[in-house]
file start_10.txt (compact mmCIF, N, CA and C atoms)
# COMPACT_ATOMS: atom_id res chain seq x y z
N MET A 27 218.92 218.35 94.49
CA MET A 27 217.56 217.91 94.32
C MET A 27 217.34 216.68 95.19
N LYS A 28 216.28 216.68 95.95
CA LYS A 28 215.91 215.56 96.79
C LYS A 28 215.05 214.61 95.97
N LEU A 29 215.42 213.32 95.91
CA LEU A 29 214.70 212.37 95.10
C LEU A 29 213.71 211.54 95.90
N HIS A 30 214.06 211.19 97.13
CA HIS A 30 213.21 210.35 97.96
C HIS A 30 213.14 210.93 99.36
N THR A 31 212.02 210.77 100.01
CA THR A 31 211.91 211.23 101.39
C THR A 31 212.03 210.09 102.37
N THR A 32 212.02 208.84 101.90
CA THR A 32 212.16 207.70 102.78
C THR A 32 213.50 207.03 102.55
N GLU A 33 213.99 206.38 103.57
CA GLU A 33 215.27 205.69 103.49
C GLU A 33 215.08 204.28 102.93
N THR A 34 215.96 203.89 102.02
CA THR A 34 215.93 202.55 101.44
C THR A 34 217.17 201.82 101.92
N LYS A 35 216.98 200.70 102.58
CA LYS A 35 218.13 199.97 103.12
C LYS A 35 218.49 198.75 102.31
N GLN A 36 217.57 198.24 101.50
CA GLN A 36 217.84 197.02 100.76
C GLN A 36 218.84 197.26 99.63
N TYR A 37 218.75 198.39 98.96
CA TYR A 37 219.63 198.71 97.83
C TYR A 37 220.26 200.07 98.01
N GLN A 38 221.38 200.27 97.34
CA GLN A 38 222.01 201.58 97.33
C GLN A 38 221.22 202.47 96.37
N THR A 39 220.47 203.38 96.92
CA THR A 39 219.60 204.26 96.15
C THR A 39 220.07 205.70 96.28
N VAL A 40 220.12 206.43 95.17
CA VAL A 40 220.44 207.85 95.23
C VAL A 40 219.22 208.56 95.77
N THR A 41 219.39 209.20 96.93
CA THR A 41 218.28 209.89 97.57
C THR A 41 218.34 211.40 97.39
N ALA A 42 219.50 211.93 96.97
CA ALA A 42 219.63 213.36 96.68
C ALA A 42 220.97 213.58 95.97
N TYR A 43 221.04 214.70 95.28
CA TYR A 43 222.30 215.08 94.64
C TYR A 43 222.32 216.58 94.43
N ASP A 44 223.52 217.11 94.31
CA ASP A 44 223.71 218.52 93.93
C ASP A 44 225.08 218.61 93.28
N GLU A 45 225.54 219.83 92.98
CA GLU A 45 226.81 219.98 92.27
C GLU A 45 228.02 219.57 93.11
N ASP A 46 227.87 219.44 94.42
CA ASP A 46 228.99 219.13 95.29
C ASP A 46 229.06 217.67 95.74
N GLY A 47 228.02 216.88 95.47
CA GLY A 47 228.05 215.51 95.94
C GLY A 47 226.75 214.79 95.70
N VAL A 48 226.63 213.65 96.38
CA VAL A 48 225.47 212.78 96.20
C VAL A 48 225.14 212.15 97.55
N GLU A 49 223.85 211.84 97.75
CA GLU A 49 223.43 211.08 98.92
C GLU A 49 222.96 209.72 98.48
N LEU A 50 223.46 208.69 99.16
CA LEU A 50 223.01 207.32 98.94
C LEU A 50 222.37 206.86 100.24
N ASN A 51 221.09 206.53 100.17
CA ASN A 51 220.34 206.16 101.37
C ASN A 51 220.54 207.19 102.48
N ALA A 52 220.48 208.46 102.09
CA ALA A 52 220.59 209.61 103.00
C ALA A 52 221.96 209.78 103.64
N ILE A 53 223.00 209.14 103.09
CA ILE A 53 224.38 209.34 103.55
C ILE A 53 225.10 210.12 102.47
N ARG A 54 225.70 211.24 102.84
CA ARG A 54 226.32 212.16 101.89
C ARG A 54 227.74 211.73 101.52
N PHE A 55 228.05 211.83 100.22
CA PHE A 55 229.39 211.57 99.69
C PHE A 55 229.80 212.76 98.84
N THR A 56 231.06 213.20 99.01
CA THR A 56 231.56 214.34 98.25
C THR A 56 232.82 213.97 97.47
N ASN A 57 233.00 212.69 97.23
CA ASN A 57 234.15 212.22 96.45
C ASN A 57 233.64 211.29 95.35
N SER A 58 234.46 211.09 94.33
CA SER A 58 234.10 210.17 93.25
C SER A 58 233.92 208.78 93.83
N LEU A 59 232.92 208.05 93.30
CA LEU A 59 232.66 206.72 93.83
C LEU A 59 231.97 205.83 92.82
N LEU A 60 232.04 204.51 93.12
CA LEU A 60 231.35 203.48 92.37
C LEU A 60 230.21 202.96 93.23
N VAL A 61 229.04 202.84 92.60
CA VAL A 61 227.85 202.41 93.32
C VAL A 61 227.21 201.26 92.55
N LEU A 62 226.93 200.18 93.27
CA LEU A 62 226.15 199.07 92.73
C LEU A 62 224.98 198.84 93.68
N PRO A 63 223.86 198.34 93.18
CA PRO A 63 222.67 198.24 94.02
C PRO A 63 222.85 197.46 95.32
N GLU A 64 223.59 196.37 95.31
CA GLU A 64 223.59 195.48 96.47
C GLU A 64 224.87 195.50 97.29
N THR A 65 225.78 196.44 97.02
CA THR A 65 227.02 196.52 97.79
C THR A 65 227.25 197.96 98.24
N GLU A 66 228.04 198.10 99.27
CA GLU A 66 228.38 199.43 99.76
C GLU A 66 229.14 200.21 98.68
N PRO A 67 228.92 201.52 98.57
CA PRO A 67 229.69 202.31 97.61
C PRO A 67 231.17 202.29 97.96
N VAL A 68 232.00 202.34 96.93
CA VAL A 68 233.45 202.34 97.14
C VAL A 68 234.06 203.58 96.50
N PRO A 69 235.09 204.12 97.12
CA PRO A 69 235.77 205.27 96.52
C PRO A 69 236.32 204.91 95.14
N TRP A 70 236.26 205.86 94.24
CA TRP A 70 236.80 205.70 92.90
C TRP A 70 237.83 206.80 92.72
N PRO A 71 239.10 206.47 92.60
CA PRO A 71 240.16 207.49 92.62
C PRO A 71 240.26 208.31 91.34
N VAL A 72 239.20 209.06 91.03
CA VAL A 72 239.17 209.92 89.85
C VAL A 72 238.84 211.33 90.34
N ASN A 73 239.74 212.28 90.08
CA ASN A 73 239.52 213.65 90.52
C ASN A 73 238.89 214.53 89.44
N SER A 74 238.98 214.08 88.18
CA SER A 74 238.42 214.87 87.09
C SER A 74 238.21 213.96 85.88
N PHE A 75 237.39 214.42 84.95
CA PHE A 75 237.16 213.67 83.72
C PHE A 75 238.47 213.46 82.97
N GLU A 76 239.30 214.48 82.94
CA GLU A 76 240.58 214.40 82.21
C GLU A 76 241.54 213.38 82.82
N ALA A 77 241.34 213.02 84.07
CA ALA A 77 242.24 212.09 84.76
C ALA A 77 241.88 210.62 84.52
N LEU A 78 240.79 210.34 83.80
CA LEU A 78 240.39 208.95 83.57
C LEU A 78 241.46 208.16 82.82
N THR A 79 241.67 206.91 83.27
CA THR A 79 242.63 206.00 82.64
C THR A 79 241.96 204.64 82.45
N PRO A 80 242.53 203.77 81.65
CA PRO A 80 241.97 202.42 81.52
C PRO A 80 241.88 201.68 82.86
N GLN A 81 242.78 201.97 83.79
CA GLN A 81 242.77 201.31 85.09
C GLN A 81 241.49 201.65 85.88
N HIS A 82 240.96 202.83 85.70
CA HIS A 82 239.71 203.19 86.37
C HIS A 82 238.57 202.29 85.89
N PHE A 83 238.60 201.93 84.62
CA PHE A 83 237.56 201.07 84.07
C PHE A 83 237.82 199.61 84.41
N ASP A 84 239.07 199.25 84.68
CA ASP A 84 239.37 197.90 85.20
C ASP A 84 238.69 197.71 86.56
N GLN A 85 238.71 198.77 87.39
CA GLN A 85 238.05 198.70 88.70
C GLN A 85 236.55 198.48 88.53
N ILE A 86 235.95 199.12 87.56
CA ILE A 86 234.52 198.91 87.29
C ILE A 86 234.29 197.49 86.79
N ASP A 87 235.14 197.03 85.90
CA ASP A 87 235.00 195.68 85.33
C ASP A 87 235.01 194.61 86.42
N ALA A 88 235.77 194.83 87.46
CA ALA A 88 235.86 193.85 88.55
C ALA A 88 234.52 193.64 89.25
N THR A 89 233.60 194.59 89.10
CA THR A 89 232.28 194.46 89.73
C THR A 89 231.29 193.70 88.84
N ALA A 90 231.67 193.41 87.60
CA ALA A 90 230.88 192.63 86.63
C ALA A 90 229.46 193.16 86.42
N PRO A 91 229.33 194.45 86.08
CA PRO A 91 227.98 194.98 85.82
C PRO A 91 227.50 194.60 84.42
N ASP A 92 226.22 194.79 84.18
CA ASP A 92 225.67 194.64 82.83
C ASP A 92 225.79 195.94 82.05
N VAL A 93 225.69 197.05 82.77
CA VAL A 93 225.77 198.38 82.16
C VAL A 93 226.40 199.34 83.17
N VAL A 94 227.15 200.31 82.64
CA VAL A 94 227.80 201.32 83.47
C VAL A 94 227.21 202.68 83.11
N ILE A 95 226.77 203.40 84.12
CA ILE A 95 226.32 204.77 83.96
C ILE A 95 227.46 205.64 84.49
N LEU A 96 228.12 206.35 83.58
CA LEU A 96 229.26 207.20 83.94
C LEU A 96 228.80 208.63 84.08
N GLY A 97 228.83 209.12 85.31
CA GLY A 97 228.52 210.53 85.58
C GLY A 97 229.78 211.34 85.39
N THR A 98 229.79 212.21 84.39
CA THR A 98 231.01 212.92 83.99
C THR A 98 231.16 214.29 84.64
N GLY A 99 230.37 214.57 85.65
CA GLY A 99 230.47 215.86 86.34
C GLY A 99 229.27 216.74 86.05
N GLU A 100 229.50 218.05 86.05
CA GLU A 100 228.40 219.00 85.87
C GLU A 100 227.84 219.01 84.46
N ARG A 101 228.63 218.54 83.48
CA ARG A 101 228.14 218.50 82.11
C ARG A 101 228.47 217.16 81.48
N GLN A 102 227.70 216.81 80.48
CA GLN A 102 227.91 215.54 79.79
C GLN A 102 229.15 215.63 78.91
N ARG A 103 229.98 214.60 79.04
CA ARG A 103 231.17 214.47 78.21
C ARG A 103 231.27 213.00 77.82
N PHE A 104 231.92 212.75 76.71
CA PHE A 104 232.01 211.37 76.22
C PHE A 104 233.44 210.86 76.36
N VAL A 105 233.56 209.67 76.92
CA VAL A 105 234.85 209.06 77.18
C VAL A 105 235.37 208.44 75.88
N HIS A 106 236.68 208.48 75.68
CA HIS A 106 237.29 207.89 74.49
C HIS A 106 237.15 206.37 74.56
N PRO A 107 236.78 205.73 73.46
CA PRO A 107 236.57 204.27 73.46
C PRO A 107 237.79 203.46 73.92
N LYS A 108 239.00 203.98 73.73
CA LYS A 108 240.17 203.21 74.16
C LYS A 108 240.22 203.05 75.69
N LEU A 109 239.56 203.93 76.42
CA LEU A 109 239.55 203.82 77.88
C LEU A 109 238.62 202.71 78.36
N THR A 110 237.59 202.43 77.59
CA THR A 110 236.58 201.46 78.03
C THR A 110 236.72 200.10 77.33
N THR A 111 237.84 199.86 76.71
CA THR A 111 238.05 198.61 75.96
C THR A 111 237.75 197.38 76.80
N VAL A 112 238.19 197.36 78.04
CA VAL A 112 237.97 196.19 78.90
C VAL A 112 236.47 195.91 79.08
N LEU A 113 235.66 196.96 79.12
CA LEU A 113 234.22 196.78 79.30
C LEU A 113 233.54 196.39 77.99
N THR A 114 233.85 197.09 76.93
CA THR A 114 233.20 196.79 75.65
C THR A 114 233.59 195.41 75.12
N ALA A 115 234.78 194.95 75.44
CA ALA A 115 235.20 193.60 75.02
C ALA A 115 234.32 192.53 75.67
N ARG A 116 233.76 192.84 76.83
CA ARG A 116 232.87 191.89 77.53
C ARG A 116 231.40 192.25 77.32
N ARG A 117 231.15 193.13 76.35
CA ARG A 117 229.79 193.54 75.98
C ARG A 117 229.06 194.23 77.13
N ILE A 118 229.80 195.02 77.89
CA ILE A 118 229.23 195.83 78.97
C ILE A 118 229.03 197.24 78.42
N GLY A 119 227.80 197.70 78.42
CA GLY A 119 227.50 199.03 77.90
C GLY A 119 227.99 200.12 78.83
N VAL A 120 228.43 201.23 78.24
CA VAL A 120 228.86 202.40 79.01
C VAL A 120 228.10 203.61 78.47
N GLU A 121 227.32 204.24 79.34
CA GLU A 121 226.55 205.42 78.97
C GLU A 121 227.09 206.62 79.73
N CYS A 122 227.44 207.67 79.02
CA CYS A 122 227.99 208.88 79.63
C CYS A 122 226.90 209.95 79.73
N MET A 123 226.82 210.58 80.88
CA MET A 123 225.86 211.67 81.09
C MET A 123 226.32 212.53 82.25
N ASP A 124 225.73 213.71 82.39
CA ASP A 124 226.10 214.54 83.54
C ASP A 124 225.66 213.83 84.82
N ASN A 125 226.20 214.25 85.95
CA ASN A 125 225.94 213.54 87.20
C ASN A 125 224.46 213.48 87.58
N GLN A 126 223.73 214.56 87.34
CA GLN A 126 222.31 214.56 87.71
C GLN A 126 221.54 213.52 86.92
N ALA A 127 221.75 213.49 85.61
CA ALA A 127 221.07 212.49 84.77
C ALA A 127 221.54 211.09 85.13
N ALA A 128 222.83 210.94 85.45
CA ALA A 128 223.37 209.63 85.82
C ALA A 128 222.70 209.10 87.08
N CYS A 129 222.49 209.96 88.06
CA CYS A 129 221.84 209.54 89.31
C CYS A 129 220.41 209.09 89.05
N ARG A 130 219.68 209.85 88.26
CA ARG A 130 218.29 209.48 87.95
C ARG A 130 218.24 208.17 87.17
N THR A 131 219.11 208.02 86.18
CA THR A 131 219.12 206.82 85.34
C THR A 131 219.49 205.60 86.16
N TYR A 132 220.49 205.74 87.03
CA TYR A 132 220.88 204.63 87.90
C TYR A 132 219.68 204.16 88.73
N ASN A 133 218.95 205.08 89.35
CA ASN A 133 217.80 204.70 90.17
C ASN A 133 216.76 203.94 89.36
N ILE A 134 216.51 204.37 88.14
CA ILE A 134 215.52 203.69 87.29
C ILE A 134 215.99 202.28 86.95
N LEU A 135 217.23 202.14 86.50
CA LEU A 135 217.74 200.82 86.13
C LEU A 135 217.83 199.89 87.34
N MET A 136 218.24 200.44 88.47
CA MET A 136 218.33 199.64 89.69
C MET A 136 216.94 199.15 90.09
N ALA A 137 215.92 200.01 89.97
CA ALA A 137 214.55 199.63 90.32
C ALA A 137 214.01 198.55 89.39
N GLU A 138 214.54 198.50 88.17
CA GLU A 138 214.14 197.46 87.21
C GLU A 138 214.86 196.14 87.46
N GLY A 139 215.76 196.12 88.44
CA GLY A 139 216.48 194.90 88.76
C GLY A 139 217.71 194.66 87.91
N ARG A 140 218.17 195.69 87.20
CA ARG A 140 219.36 195.55 86.36
C ARG A 140 220.62 195.59 87.23
N LYS A 141 221.65 194.90 86.79
CA LYS A 141 222.94 194.96 87.48
C LYS A 141 223.71 196.14 86.89
N VAL A 142 223.45 197.29 87.45
CA VAL A 142 223.98 198.55 86.94
C VAL A 142 225.05 199.07 87.88
N ALA A 143 226.08 199.66 87.31
CA ALA A 143 227.11 200.33 88.10
C ALA A 143 227.03 201.82 87.81
N LEU A 144 227.02 202.62 88.87
CA LEU A 144 227.07 204.07 88.75
C LEU A 144 228.48 204.51 89.10
N ALA A 145 229.16 205.10 88.13
CA ALA A 145 230.51 205.62 88.36
C ALA A 145 230.41 207.14 88.28
N LEU A 146 230.53 207.81 89.41
CA LEU A 146 230.37 209.26 89.47
C LEU A 146 231.70 209.95 89.67
N ILE A 147 231.96 210.95 88.83
CA ILE A 147 233.13 211.79 89.02
C ILE A 147 232.66 213.03 89.77
N ILE A 148 233.15 213.17 90.98
CA ILE A 148 232.84 214.34 91.81
C ILE A 148 234.16 215.03 92.10
N ALA A 149 234.32 216.20 91.50
CA ALA A 149 235.57 216.93 91.64
C ALA A 149 235.73 217.43 93.07
N PRO A 150 236.96 217.35 93.61
CA PRO A 150 237.19 217.86 94.97
C PRO A 150 236.93 219.36 95.03
N GLN A 151 236.40 219.80 96.15
CA GLN A 151 236.13 221.22 96.33
C GLN A 151 237.41 221.96 96.65
N ALA A 152 237.54 223.16 96.14
CA ALA A 152 238.76 223.97 96.35
C ALA A 152 238.83 224.50 97.75

call {"tool": "encode", "arguments": {"input": "start_10.txt", "output": "structure tokens"}}
result
Amino acid sequence: MKLHTTETKQYQTVTAYDEDGVELNAIRFTNSLLVLPETEPVPWPVNSFEALTPQHFDQIDATAPDVVILGTGERQRFVHPKLTTVLTARRIGVECMDNQAACRTYNILMAEGRKVALALIIAPQA
């Protein structure tokens, strides 16, 4: 689904997404990544929802977001609270949703000026 027809350079904006990846400011990514509004996206070494570990959430914590939107792939799944302990201990909210909803929600929160982190799990293609 194409979300925007114009390029946004000031912030990292999701401009399109599908089941195989995501576009940020019209640049395509097909791997899991962390996205914050004011910094370049960074690879997130997660190949599947089942592979999540507390260390993956430590990487998110290092970015000091106010809220984390976790895109869990093609369908919504909920992460076990023990994995997000580092975030919840600092009162950082974690919302789990499928990747499409996560992309839309990230854009809305980013447009509101929130310090939001988008953590997308994009499974490698076979």

call {"tool": "closest_atom_pairs", "arguments": {"input": "start_10.txt", "of": "range 33-113 of chain A", "to": "range 127-148 of chain A", "cutoff": "6 Å", "atoms": "only N, CA and C atoms", "output": "Markdown table"}}
result
| residue | atom | partner | partner_atom | distance |
| --- | --- | --- | --- | --- |
| A:Val40 | N | A:Asn133 | CA | 5.8 |
| A:Thr56 | C | A:Ile148 | C | 5.6 |
| A:Asn57 | C | A:Ile148 | CA | 4.7 |
| A:Ser58 | CA | A:Ile148 | N | 3.9 |
| A:Leu59 | C | A:Leu146 | N | 4.2 |
| A:Leu60 | CA | A:Leu144 | C | 4.5 |
| A:Val61 | N | A:Leu144 | C | 3.9 |
| A:Leu62 | CA | A:Ala143 | CA | 4.9 |
| A:Pro63 | N | A:Val142 | C | 5.5 |
| A:Val72 | C | A:Ile147 | CA | 5.9 |
| A:Asn73 | C | A:Ile148 | C | 5.4 |
| A:Pro91 | CA | A:Lys141 | C | 4.6 |
| A:Asp92 | N | A:Lys141 | C | 3.9 |
| A:Val93 | C | A:Ala143 | N | 4.2 |
| A:Val94 | CA | A:Ala143 | C | 4.4 |
| A:Ile95 | N | A:Ala143 | C | 4.0 |
| A:Leu96 | CA | A:Ala145 | C | 4.5 |
| A:Gly97 | N | A:Ala145 | C | 3.9 |
| A:Thr98 | N | A:Ile147 | N | 5.1 |
| A:Gly99 | CA | A:Ile147 | C | 5.0 |

call {"tool": "select_by_dssp", "arguments": {"input": "start_10.txt", "residues": "range 39-103 of chain A", "states": "helix (DSSP H, G or I)", "output": "PyMOL selection string"}}
result
chain A and resi 75-77+80-87

call {"tool": "closest_residue", "arguments": {"input": "start_10.txt", "among": "A:Thr110, A:Asn51, A:Gln102, A:Thr65", "to": "Thr79 in chain A", "atoms": "only N, CA and C atoms"}}
result
A:Thr110

call {"tool": "atom_distance", "arguments": {"input": "start_10.txt", "atom1": "CA of Asp44 in chain A", "atom2": "atom N of Gln126 in chain A"}}
result
7.7 Å

call {"tool": "closest_residue", "arguments": {"input": "start_10.txt", "among": "A:Phe83, A:Glu121, A:Thr41, A:Ala88", "to": "Val105 in chain A", "atoms": "all atoms listed in the file"}}
result
A:Glu121

call {"tool": "atom_distance", "arguments": {"input": "start_10.txt", "atom1": "CA of Gln85 in chain A", "atom2": "CA of Lys108 in chain A"}}
result
15.4 Å

call {"tool": "atom_distance", "arguments": {"input": "start_10.txt", "atom1": "atom C of Pro71 in chain A", "atom2": "atom N of Tyr37 in chain A"}}
result
24.9 Å

call {"tool": "select_by_dssp", "arguments": {"input": "start_10.txt", "residues": "chain A", "states": "strand (DSSP E or B)", "output": "count of residues only"}}
result
37

call {"tool": "axis_aligned_box", "arguments": {"input": "start_10.txt", "around": "range 101-110 of chain A", "padding_each_side": "4 Å", "output": "AutoDock Vina command-line options"}}
result
--center_x 234.0 --center_y 209.3 --center_z 78.5 --size_x 20.5 --size_y 26.4 --size_z 18.0

call {"tool": "closest_residue", "arguments": {"input": "start_10.txt", "among": "A:Ala90, A:Gln38, A:Glu66, A:Asp124", "to": "Arg103 in chain A", "atoms": "only N, CA and C atoms"}}
result
A:Asp124

call {"tool": "decode", "arguments": {"input": "start_10.txt", "residues": "range 53-80 of chain A", "atoms": "N, CA, C and O atoms", "output": "mmCIF file, in the first residue's frame"}}
result
data_model
loop_
_atom_site.group_PDB
_atom_site.id
_atom_site.type_symbol
_atom_site.label_atom_id
_atom_site.label_comp_id
_atom_site.auth_asym_id
_atom_site.auth_seq_id
_atom_site.Cartn_x
_atom_site.Cartn_y
_atom_site.Cartn_z
ATOM 1 N N ILE A 53 12.652 4.818 0.091
ATOM 2 C CA ILE A 53 13.786 3.885 0.017
ATOM 3 C C ILE A 53 13.310 2.560 0.586
ATOM 4 O O ILE A 53 12.807 2.492 1.706
ATOM 5 N N ARG A 54 13.457 1.498 -0.187
ATOM 6 C CA ARG A 54 12.922 0.183 0.167
ATOM 7 C C ARG A 54 13.860 -0.584 1.103
ATOM 8 O O ARG A 54 15.068 -0.603 0.910
ATOM 9 N N PHE A 55 13.261 -1.226 2.115
ATOM 10 C CA PHE A 55 13.971 -2.097 3.052
ATOM 11 C C PHE A 55 13.248 -3.430 3.104
ATOM 12 O O PHE A 55 12.016 -3.471 3.177
ATOM 13 N N THR A 56 14.019 -4.524 3.079
ATOM 14 C CA THR A 56 13.423 -5.860 3.128
ATOM 15 C C THR A 56 13.980 -6.674 4.289
ATOM 16 O O THR A 56 13.924 -7.895 4.264
ATOM 17 N N ASN A 57 14.511 -5.984 5.283
ATOM 18 C CA ASN A 57 15.036 -6.649 6.470
ATOM 19 C C ASN A 57 14.434 -5.984 7.704
ATOM 20 O O ASN A 57 13.948 -4.861 7.646
ATOM 21 N N SER A 58 14.475 -6.688 8.827
ATOM 22 C CA SER A 58 13.986 -6.112 10.082
ATOM 23 C C SER A 58 14.796 -4.874 10.415
ATOM 24 O O SER A 58 16.005 -4.825 10.194
ATOM 25 N N LEU A 59 14.116 -3.853 10.959
ATOM 26 C CA LEU A 59 14.821 -2.621 11.265
ATOM 27 C C LEU A 59 14.131 -1.826 12.361
ATOM 28 O O LEU A 59 12.979 -2.051 12.693
ATOM 29 N N LEU A 60 14.925 -0.892 12.934
ATOM 30 C CA LEU A 60 14.445 0.070 13.913
ATOM 31 C C LEU A 60 14.396 1.429 13.246
ATOM 32 O O LEU A 60 15.351 1.844 12.597
ATOM 33 N N VAL A 61 13.275 2.120 13.454
ATOM 34 C CA VAL A 61 13.074 3.417 12.825
ATOM 35 C C VAL A 61 12.677 4.419 13.903
ATOM 36 O O VAL A 61 11.780 4.155 14.698
ATOM 37 N N LEU A 62 13.367 5.551 13.916
ATOM 38 C CA LEU A 62 12.993 6.684 14.753
ATOM 39 C C LEU A 62 12.848 7.891 13.843
ATOM 40 O O LEU A 62 13.523 7.971 12.807
ATOM 41 N N PRO A 63 12.003 8.848 14.195
ATOM 42 C CA PRO A 63 11.735 9.958 13.280
ATOM 43 C C PRO A 63 12.957 10.733 12.809
ATOM 44 O O PRO A 63 13.032 11.093 11.641
ATOM 45 N N GLU A 64 13.919 10.983 13.670
ATOM 46 C CA GLU A 64 14.988 11.917 13.323
ATOM 47 C C GLU A 64 16.341 11.275 13.047
ATOM 48 O O GLU A 64 17.335 11.979 12.915
ATOM 49 N N THR A 65 16.403 9.942 12.968
ATOM 50 C CA THR A 65 17.666 9.270 12.685
ATOM 51 C C THR A 65 17.471 8.257 11.563
ATOM 52 O O THR A 65 16.362 7.803 11.307
ATOM 53 N N GLU A 66 18.565 7.914 10.925
ATOM 54 C CA GLU A 66 18.515 6.913 9.867
ATOM 55 C C GLU A 66 18.065 5.569 10.443
ATOM 56 O O GLU A 66 18.417 5.225 11.572
ATOM 57 N N PRO A 67 17.295 4.789 9.690
ATOM 58 C CA PRO A 67 16.906 3.458 10.167
ATOM 59 C C PRO A 67 18.137 2.576 10.333
ATOM 60 O O PRO A 67 19.110 2.722 9.597
ATOM 61 N N VAL A 68 18.071 1.694 11.324
ATOM 62 C CA VAL A 68 19.190 0.785 11.573
ATOM 63 C C VAL A 68 18.697 -0.655 11.503
ATOM 64 O O VAL A 68 17.558 -0.945 11.883
ATOM 65 N N PRO A 69 19.540 -1.551 11.007
ATOM 66 C CA PRO A 69 19.156 -2.964 10.978
ATOM 67 C C PRO A 69 18.872 -3.470 12.389
ATOM 68 O O PRO A 69 19.529 -3.079 13.354
ATOM 69 N N TRP A 70 17.893 -4.340 12.492
ATOM 70 C CA TRP A 70 17.537 -4.967 13.752
ATOM 71 C C TRP A 70 17.662 -6.464 13.529
ATOM 72 O O TRP A 70 16.910 -7.032 12.729
ATOM 73 N N PRO A 71 18.601 -7.128 14.183
ATOM 74 C CA PRO A 71 18.907 -8.530 13.867
ATOM 75 C C PRO A 71 17.862 -9.519 14.377
ATOM 76 O O PRO A 71 18.143 -10.379 15.215
ATOM 77 N N VAL A 72 16.636 -9.405 13.872
ATOM 78 C CA VAL A 72 15.545 -10.307 14.240
ATOM 79 C C VAL A 72 15.001 -10.915 12.949
ATOM 80 O O VAL A 72 14.538 -10.191 12.078
ATOM 81 N N ASN A 73 15.067 -12.241 12.845
ATOM 82 C CA ASN A 73 14.580 -12.909 11.639
ATOM 83 C C ASN A 73 13.144 -13.394 11.754
ATOM 84 O O ASN A 73 12.510 -13.689 10.750
ATOM 85 N N SER A 74 12.650 -13.499 12.999
ATOM 86 C CA SER A 74 11.279 -13.968 13.201
ATOM 87 C C SER A 74 10.811 -13.549 14.588
ATOM 88 O O SER A 74 11.626 -13.237 15.464
ATOM 89 N N PHE A 75 9.507 -13.575 14.787
ATOM 90 C CA PHE A 75 8.943 -13.247 16.094
ATOM 91 C C PHE A 75 9.483 -14.192 17.161
ATOM 92 O O PHE A 75 9.819 -13.771 18.268
ATOM 93 N N GLU A 76 9.597 -15.462 16.820
ATOM 94 C CA GLU A 76 10.074 -16.474 17.772
ATOM 95 C C GLU A 76 11.525 -16.248 18.195
ATOM 96 O O GLU A 76 11.957 -16.726 19.235
ATOM 97 N N ALA A 77 12.285 -15.519 17.402
ATOM 98 C CA ALA A 77 13.704 -15.286 17.686
ATOM 99 C C ALA A 77 13.948 -14.106 18.630
ATOM 100 O O ALA A 77 15.090 -13.841 18.996
ATOM 101 N N LEU A 78 12.898 -13.386 19.033
ATOM 102 C CA LEU A 78 13.077 -12.227 19.913
ATOM 103 C C LEU A 78 13.707 -12.616 21.247
ATOM 104 O O LEU A 78 13.338 -13.629 21.840
ATOM 105 N N THR A 79 14.657 -11.774 21.705
ATOM 106 C CA THR A 79 15.319 -11.975 22.992
ATOM 107 C C THR A 79 15.336 -10.643 23.744
ATOM 108 O O THR A 79 15.114 -9.581 23.137
ATOM 109 N N PRO A 80 15.625 -10.658 25.024
ATOM 110 C CA PRO A 80 15.740 -9.392 25.758
ATOM 111 C C PRO A 80 16.791 -8.451 25.153
ATOM 112 O O PRO A 80 16.632 -7.231 25.214
#
